[in-house]
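**Q** target_28.cif is reproduced below (mmCIF, C-alpha atoms).
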```cif
data_query
#
loop_
_atom_site.group_PDB
_atom_site.id
_atom_site.type_symbol
_atom_site.label_atom_id
_atom_site.label_comp_id
_atom_site.auth_asym_id
_atom_site.auth_seq_id
_atom_site.Cartn_x
_atom_site.Cartn_y
_atom_site.Cartn_z
ATOM 1 C CA ALA I 154 0.000 0.000 0.000
ATOM 2 C CA GLN I 155 1.111 3.525 -0.748
ATOM 3 C CA SER I 156 1.153 6.292 1.838
ATOM 4 C CA VAL I 157 2.295 9.898 2.023
ATOM 5 C CA ALA I 158 2.839 11.908 5.178
ATOM 6 C CA GLN I 159 3.080 15.657 5.544
ATOM 7 C CA PRO I 160 3.993 16.076 9.197
ATOM 8 C CA GLU I 161 3.210 19.789 9.459
ATOM 9 C CA ASP I 162 -0.349 21.051 9.177
ATOM 10 C CA GLN I 163 0.947 24.608 8.803
ATOM 11 C CA VAL I 164 4.257 26.289 8.064
ATOM 12 C CA ASN I 165 4.782 29.964 8.828
ATOM 13 C CA VAL I 166 7.588 31.919 7.205
ATOM 14 C CA ALA I 167 8.436 35.571 6.723
ATOM 15 C CA GLU I 168 8.534 36.986 3.228
ATOM 16 C CA GLY I 169 12.014 36.754 1.775
ATOM 17 C CA ASN I 170 13.055 33.856 3.984
ATOM 18 C CA PRO I 171 13.616 30.334 2.670
ATOM 19 C CA LEU I 172 10.801 27.847 3.078
ATOM 20 C CA THR I 173 10.600 24.081 3.401
ATOM 21 C CA VAL I 174 7.476 21.940 3.319
ATOM 22 C CA LYS I 175 8.138 18.371 4.376
ATOM 23 C CA CYS I 176 6.933 15.142 2.787
ATOM 24 C CA THR I 177 7.763 11.488 3.383
ATOM 25 C CA TYR I 178 6.408 8.584 1.385
ATOM 26 C CA SER I 179 6.045 4.835 1.363
ATOM 27 C CA VAL I 180 5.642 2.991 -1.939
ATOM 28 C CA SER I 181 6.654 -0.397 -3.238
ATOM 29 C CA GLY I 182 9.606 -0.113 -5.564
ATOM 30 C CA ASN I 183 10.721 3.095 -7.199
ATOM 31 C CA PRO I 184 8.568 6.141 -6.466
ATOM 32 C CA TYR I 185 7.216 8.847 -8.697
ATOM 33 C CA LEU I 186 6.700 11.940 -6.547
ATOM 34 C CA PHE I 187 4.719 15.121 -7.126
ATOM 35 C CA TRP I 188 3.943 18.456 -5.509
ATOM 36 C CA TYR I 189 0.706 20.327 -6.130
ATOM 37 C CA VAL I 190 -0.547 23.664 -4.778
ATOM 38 C CA GLN I 191 -4.167 24.561 -4.100
ATOM 39 C CA TYR I 192 -5.461 28.103 -3.840
ATOM 40 C CA PRO I 193 -8.915 28.820 -2.354
ATOM 41 C CA ASN I 194 -11.813 27.708 -4.565
ATOM 42 C CA ARG I 195 -9.437 26.379 -7.180
ATOM 43 C CA GLY I 196 -8.217 22.967 -8.192
ATOM 44 C CA LEU I 197 -4.744 21.591 -7.653
ATOM 45 C CA GLN I 198 -1.985 23.128 -9.725
ATOM 46 C CA PHE I 199 1.026 21.003 -10.660
ATOM 47 C CA LEU I 200 4.355 22.349 -9.373
ATOM 48 C CA LEU I 201 6.945 19.667 -10.050
ATOM 49 C CA LYS I 202 7.657 15.962 -10.167
ATOM 50 C CA TYR I 203 10.465 13.495 -9.606
ATOM 51 C CA ILE I 204 10.604 10.519 -11.935
ATOM 52 C CA THR I 205 14.257 9.583 -12.115
ATOM 53 C CA GLY I 206 17.684 11.167 -12.396
ATOM 54 C CA ASP I 207 18.785 14.275 -10.540
ATOM 55 C CA ASN I 208 17.674 14.312 -6.918
ATOM 56 C CA LEU I 209 17.025 18.066 -7.066
ATOM 57 C CA VAL I 210 13.991 18.863 -9.168
ATOM 58 C CA LYS I 211 13.128 22.387 -10.245
ATOM 59 C CA GLY I 212 9.561 23.419 -10.889
ATOM 60 C CA SER I 213 7.205 26.315 -11.361
ATOM 61 C CA TYR I 214 7.330 29.677 -9.535
ATOM 62 C CA GLY I 215 10.855 29.117 -8.213
ATOM 63 C CA PHE I 216 10.003 25.988 -6.246
ATOM 64 C CA GLU I 217 12.295 22.990 -6.081
ATOM 65 C CA ALA I 218 12.218 19.662 -4.281
ATOM 66 C CA GLU I 219 14.884 17.282 -3.112
ATOM 67 C CA PHE I 220 14.422 13.534 -3.412
ATOM 68 C CA ASN I 221 16.172 11.551 -0.680
ATOM 69 C CA LYS I 222 15.842 7.817 -1.176
ATOM 70 C CA SER I 223 17.424 6.769 2.106
ATOM 71 C CA GLN I 224 15.089 9.009 4.096
ATOM 72 C CA THR I 225 12.123 8.388 1.762
ATOM 73 C CA SER I 226 11.562 12.117 1.653
ATOM 74 C CA PHE I 227 10.675 14.678 -0.990
ATOM 75 C CA HIS I 228 10.728 18.077 0.694
ATOM 76 C CA LEU I 229 9.558 21.172 -1.168
ATOM 77 C CA LYS I 230 11.781 24.229 -0.965
ATOM 78 C CA LYS I 231 12.032 27.799 -2.137
ATOM 79 C CA PRO I 232 14.974 30.117 -1.462
ATOM 80 C CA SER I 233 12.888 33.258 -0.924
ATOM 81 C CA ALA I 234 9.191 33.104 -0.014
ATOM 82 C CA LEU I 235 6.573 35.482 -1.385
ATOM 83 C CA VAL I 236 3.293 36.441 0.263
ATOM 84 C CA SER I 237 1.591 35.108 -2.866
ATOM 85 C CA ASP I 238 3.012 31.643 -2.096
ATOM 86 C CA SER I 239 0.524 31.360 0.763
ATOM 87 C CA ALA I 240 -1.639 28.362 -0.119
ATOM 88 C CA LEU I 241 -2.251 24.687 0.596
ATOM 89 C CA TYR I 242 0.461 22.328 -0.625
ATOM 90 C CA PHE I 243 0.019 18.639 -1.327
ATOM 91 C CA CYS I 244 2.646 15.965 -1.832
ATOM 92 C CA ALA I 245 1.641 12.900 -3.856
ATOM 93 C CA ALA I 246 3.272 9.602 -4.719
ATOM 94 C CA ARG I 247 2.787 6.479 -6.744
ATOM 95 C CA ALA I 248 4.862 3.446 -7.517
ATOM 96 C CA ALA I 249 6.631 3.480 -10.855
ATOM 97 C CA ASN I 250 5.139 0.075 -11.645
ATOM 98 C CA ASN I 251 1.596 1.223 -10.874
ATOM 99 C CA ALA I 252 0.078 1.028 -14.307
ATOM 100 C CA GLY I 253 -3.008 2.854 -13.187
ATOM 101 C CA ASN I 254 -1.176 6.027 -12.274
ATOM 102 C CA MET I 255 -3.225 6.268 -9.069
ATOM 103 C CA LEU I 256 -1.827 9.052 -6.910
ATOM 104 C CA THR I 257 -1.805 8.878 -3.125
ATOM 105 C CA PHE I 258 -1.835 12.303 -1.510
ATOM 106 C CA GLY I 259 -0.660 13.566 1.833
ATOM 107 C CA GLY I 260 -2.994 15.507 4.057
ATOM 108 C CA GLY I 261 -1.672 18.859 2.944
ATOM 109 C CA THR I 262 0.371 21.644 4.544
ATOM 110 C CA ARG I 263 -0.866 25.204 4.745
ATOM 111 C CA LEU I 264 1.904 27.665 3.993
ATOM 112 C CA MET I 265 1.505 31.138 5.460
ATOM 113 C CA VAL I 266 3.976 33.762 4.278
ATOM 114 C CA LYS I 267 3.814 36.958 6.296
ATOM 115 C CA PRO I 268 5.006 40.328 5.019
ATOM 116 C CA ASP K 272 -4.644 24.420 -23.573
ATOM 117 C CA THR K 273 -7.887 25.457 -21.942
ATOM 118 C CA GLY K 274 -7.399 23.250 -18.904
ATOM 119 C CA VAL K 275 -9.707 20.748 -17.269
ATOM 120 C CA SER K 276 -13.233 22.063 -16.712
ATOM 121 C CA GLN K 277 -15.882 20.787 -14.347
ATOM 122 C CA ASN K 278 -19.583 21.530 -14.072
ATOM 123 C CA PRO K 279 -21.306 22.508 -11.976
ATOM 124 C CA ARG K 280 -18.873 24.214 -9.630
ATOM 125 C CA HIS K 281 -21.289 23.934 -6.736
ATOM 126 C CA LYS K 282 -24.196 21.586 -6.113
ATOM 127 C CA ILE K 283 -26.568 21.609 -3.171
ATOM 128 C CA THR K 284 -28.966 18.700 -2.927
ATOM 129 C CA LYS K 285 -31.218 17.002 -0.447
ATOM 130 C CA ARG K 286 -30.397 13.610 1.004
ATOM 131 C CA GLY K 287 -31.695 10.822 -1.180
ATOM 132 C CA GLN K 288 -31.464 12.730 -4.451
ATOM 133 C CA ASN K 289 -29.223 11.705 -7.364
ATOM 134 C CA VAL K 290 -26.525 14.040 -8.636
ATOM 135 C CA THR K 291 -24.324 14.002 -11.730
ATOM 136 C CA PHE K 292 -21.121 15.911 -12.318
ATOM 137 C CA ARG K 293 -19.373 16.498 -15.606
ATOM 138 C CA CYS K 294 -15.666 16.735 -16.407
ATOM 139 C CA ASP K 295 -14.156 17.919 -19.675
ATOM 140 C CA PRO K 296 -10.469 17.002 -19.833
ATOM 141 C CA ILE K 297 -7.679 18.745 -21.708
ATOM 142 C CA SER K 298 -8.513 17.958 -25.317
ATOM 143 C CA GLU K 299 -5.680 15.618 -26.274
ATOM 144 C CA HIS K 300 -5.548 13.782 -22.946
ATOM 145 C CA ASN K 301 -6.453 10.108 -23.028
ATOM 146 C CA ARG K 302 -6.557 9.437 -19.276
ATOM 147 C CA LEU K 303 -9.170 10.861 -16.943
ATOM 148 C CA TYR K 304 -9.351 10.496 -13.158
ATOM 149 C CA TRP K 305 -11.866 11.235 -10.423
ATOM 150 C CA TYR K 306 -10.849 12.076 -6.850
ATOM 151 C CA ARG K 307 -12.769 13.108 -3.754
ATOM 152 C CA GLN K 308 -11.447 15.686 -1.305
ATOM 153 C CA THR K 309 -13.037 16.174 2.082
ATOM 154 C CA LEU K 310 -12.336 19.196 4.261
ATOM 155 C CA GLY K 311 -8.823 19.201 5.646
ATOM 156 C CA GLN K 312 -7.749 16.135 3.705
ATOM 157 C CA GLY K 313 -5.819 15.376 0.566
ATOM 158 C CA PRO K 314 -7.597 14.087 -2.533
ATOM 159 C CA GLU K 315 -8.633 10.432 -2.483
ATOM 160 C CA PHE K 316 -8.575 8.424 -5.720
ATOM 161 C CA LEU K 317 -11.916 7.060 -6.903
ATOM 162 C CA THR K 318 -11.585 5.801 -10.470
ATOM 163 C CA TYR K 319 -9.869 6.357 -13.791
ATOM 164 C CA PHE K 320 -10.357 5.873 -17.519
ATOM 165 C CA GLN K 321 -7.975 5.321 -20.361
ATOM 166 C CA ASN K 322 -9.854 6.490 -23.416
ATOM 167 C CA GLU K 323 -13.372 5.081 -22.883
ATOM 168 C CA ALA K 324 -12.285 2.090 -20.777
ATOM 169 C CA GLN K 325 -12.704 2.300 -17.020
ATOM 170 C CA LEU K 326 -9.571 0.513 -15.871
ATOM 171 C CA GLU K 327 -9.879 0.925 -12.128
ATOM 172 C CA LYS K 328 -13.093 1.271 -10.175
ATOM 173 C CA SER K 329 -12.507 -0.708 -7.021
ATOM 174 C CA ARG K 330 -11.892 2.524 -5.100
ATOM 175 C CA LEU K 331 -15.353 3.914 -5.775
ATOM 176 C CA LEU K 332 -16.797 4.451 -2.324
ATOM 177 C CA SER K 333 -19.942 2.390 -2.733
ATOM 178 C CA ASP K 334 -22.246 1.007 -5.406
ATOM 179 C CA ARG K 335 -24.062 4.345 -5.284
ATOM 180 C CA PHE K 336 -21.114 5.854 -7.156
ATOM 181 C CA SER K 337 -20.628 5.296 -10.870
ATOM 182 C CA ALA K 338 -18.667 6.982 -13.641
ATOM 183 C CA GLU K 339 -18.769 6.915 -17.405
ATOM 184 C CA ARG K 340 -16.678 8.184 -20.281
ATOM 185 C CA PRO K 341 -18.717 6.996 -23.236
ATOM 186 C CA LYS K 342 -16.756 8.451 -26.138
ATOM 187 C CA GLY K 343 -13.380 8.801 -24.519
ATOM 188 C CA SER K 344 -13.780 12.554 -24.136
ATOM 189 C CA PHE K 345 -15.855 14.019 -21.286
ATOM 190 C CA SER K 346 -16.792 11.996 -18.221
ATOM 191 C CA THR K 347 -19.643 11.994 -15.746
ATOM 192 C CA LEU K 348 -19.661 10.948 -12.109
ATOM 193 C CA GLU K 349 -23.052 10.031 -10.667
ATOM 194 C CA ILE K 350 -23.959 9.583 -7.028
ATOM 195 C CA GLN K 351 -27.303 7.944 -6.381
ATOM 196 C CA ARG K 352 -29.333 8.337 -3.183
ATOM 197 C CA THR K 353 -26.954 10.930 -1.777
ATOM 198 C CA GLU K 354 -26.063 10.899 1.908
ATOM 199 C CA GLN K 355 -24.737 13.715 4.079
ATOM 200 C CA GLY K 356 -21.380 11.936 4.175
ATOM 201 C CA ASP K 357 -21.064 12.438 0.419
ATOM 202 C CA SER K 358 -20.547 16.177 0.972
ATOM 203 C CA ALA K 359 -17.089 16.897 -0.411
ATOM 204 C CA MET K 360 -15.170 18.396 -3.307
ATOM 205 C CA TYR K 361 -15.092 16.106 -6.341
ATOM 206 C CA LEU K 362 -12.010 16.665 -8.462
ATOM 207 C CA CYS K 363 -11.334 15.549 -12.006
ATOM 208 C CA ALA K 364 -7.882 15.286 -13.526
ATOM 209 C CA SER K 365 -6.564 14.327 -16.931
ATOM 210 C CA SER K 366 -3.227 13.253 -18.374
ATOM 211 C CA LEU K 367 -1.654 12.190 -21.617
ATOM 212 C CA LEU K 368 -0.146 8.739 -21.676
ATOM 213 C CA ALA K 369 2.256 9.266 -24.547
ATOM 214 C CA THR K 370 4.967 6.715 -23.944
ATOM 215 C CA SER K 371 5.432 3.342 -22.307
ATOM 216 C CA ALA K 372 7.306 5.084 -19.508
ATOM 217 C CA ASN K 373 3.984 5.823 -17.812
ATOM 218 C CA THR K 374 5.242 9.085 -16.371
ATOM 219 C CA ASP K 375 2.294 11.244 -17.335
ATOM 220 C CA THR K 376 1.376 14.167 -15.097
ATOM 221 C CA GLN K 377 -2.195 14.678 -13.925
ATOM 222 C CA TYR K 378 -3.722 18.147 -14.336
ATOM 223 C CA PHE K 379 -6.697 18.963 -12.162
ATOM 224 C CA GLY K 380 -9.896 20.850 -12.743
ATOM 225 C CA PRO K 381 -11.400 23.336 -10.266
ATOM 226 C CA GLY K 382 -13.677 20.723 -8.710
ATOM 227 C CA THR K 383 -17.381 20.437 -7.952
ATOM 228 C CA ARG K 384 -18.328 21.142 -4.354
ATOM 229 C CA LEU K 385 -21.246 18.973 -3.264
ATOM 230 C CA THR K 386 -23.328 19.799 -0.217
ATOM 231 C CA VAL K 387 -25.942 17.265 0.853
ATOM 232 C CA LEU K 388 -28.560 18.654 3.228
#
```
Rewrite the structure of this file - the entire thing - as structure tokens.
**A**
Amino acid sequence: AQSVAQPEDQVNVAEGNPLTVKCTYSVSGNPYLFWYVQYPNRGLQFLLKYITGDNLVKGSYGFEAEFNKSQTSFHLKKPSALVSDSALYFCAARAANNAGNMLTFGGGTRLMVKP
Amino acid sequence: DTGVSQNPRHKITKRGQNVTFRCDPISEHNRLYWYRQTLGQGPEFLTYFQNEAQLEKSRLLSDRFSAERPKGSFSTLEIQRTEQGDSAMYLCASSLLATSANTDTQYFGPGTRLTVL
């Protein structure tokens, strides 16, 4: 069975400071990992994904994520937070050999960036 | 790319009524997914189609839930005899399976918020 954990319900950061949103996963075999962001009354927007290769993945809006196989983690990072980054962030995972492409999501982390 | 669209955006119904939601995927996408998101939780997979074939439906929450994609384009999700516990956001996503690598990315619509009174 697949599972994704986001240990922090909320992360608070000051504008201009670096941010990290944590994610750990459990899948059978090699993982495909994703980050999505959700703004109020809107669907999930894709930010980035890890499939294979470089452990540091760069995505939209200056976000990046680091895949760590030994720690089964895929933390989302940004060097300098913006107030407009305030939103709900979801980590998702699936096994590479899951033909159905069914994503398992974490419970979400609310990011609050204060001016 | 006009994105994934869903209709209606909001639906309020009385317990026991049937409801149907529609999803129009990104035009060239051959895979379509339905998820349910309850308040404070991440999306939960329900079912998916590849073209018109429903390849996974064991995660549908009960036999009151059904989905169709008759021509491999838009899809509908129907809930019969709604219950208050069905109140949630229903999300649709689509992707393009273009290679055997199976690494397609799912793009989500804005969702349909269902409230069952």
**Q** Within 6 Å of chain K, which residues of chain I show up when using all atoms listed in the file, listed as a PyMOL selection string?
**A** chain I and resi 195-197+258-261
**Q** Limited to C-alpha atoms, could you put the picked residues into a file as a compact mmCIF listing (two decimals), keeping the file's coordinate frame?
**A**
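File out-v4.txt, as written:
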```txt
# COMPACT_ATOMS: atom_id res chain seq x y z
CA ARG I 195 -9.44 26.38 -7.18
CA GLY I 196 -8.22 22.97 -8.19
CA LEU I 197 -4.74 21.59 -7.65
CA PHE I 258 -1.84 12.30 -1.51
CA GLY I 259 -0.66 13.57 1.83
CA GLY I 260 -2.99 15.51 4.06
CA GLY I 261 -1.67 18.86 2.94
```
**Q** Using the chain letters and residue numbers of this document, give as a list of chain:residue names the residues selected by the PyMOL selection byres ((chain I and resi 263) around 6).
**A**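 In the shown coordinates, the PyMOL selection byres ((chain I and resi 263) around 6) covers I:Gln163, I:Ala240, I:Leu241, I:Thr262, I:Leu264.
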**Q** On this file, the PyMOL selection byres ((chain I and resi 218-226) around 6) gives some set of residues; write that set as a PyMOL selection string.
**A** chain I and resi 176-178+208-210+217+227-230
**Q** Take every atom of region 227-242 of chain I listed in the file, pad by 8 Å on each side, and give me the axis-aligned box centre and edge lengths in Å, one decimal, as JSON.
**A**
```
{"center_x": 6.4, "center_y": 25.6, "center_z": -1.1, "size_x": 33.2, "size_y": 37.8, "size_z": 19.6}
```
**Q** Near Glu299 (chain K), counting only C-alpha atoms, which residues have an atom at most 9 Å away, once you skip same-chain residues fewer than 3 positions from it, shown as a list of chain:residue names?
**A**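 Near neighbours after the sequence-gap exclusion: K:Pro296, K:Ser344, K:Ser366, K:Leu367.
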**Q** Quick one: residues within 8 Å of Glu354 (chain K), only C-alpha atoms counted, chain neighbours fewer than 3 positions away excluded, as a list in words?
**A** Arg286, Gly287, Asp357, Ser358 and Val387 of chain K
**Q** Selected by the PyMOL selection byres ((chain K and resi 285) around 10) in the shown coordinates: which residues, as an NGL selection string?
**A** :K and (283-284 or 286-290 or 352-355 or 386-388)
**Q** To one decimal in Å, tell me the separation between CA of Tyr214 (chain I) and CA of Asn194 (chain I).
**A** 19.9 Å
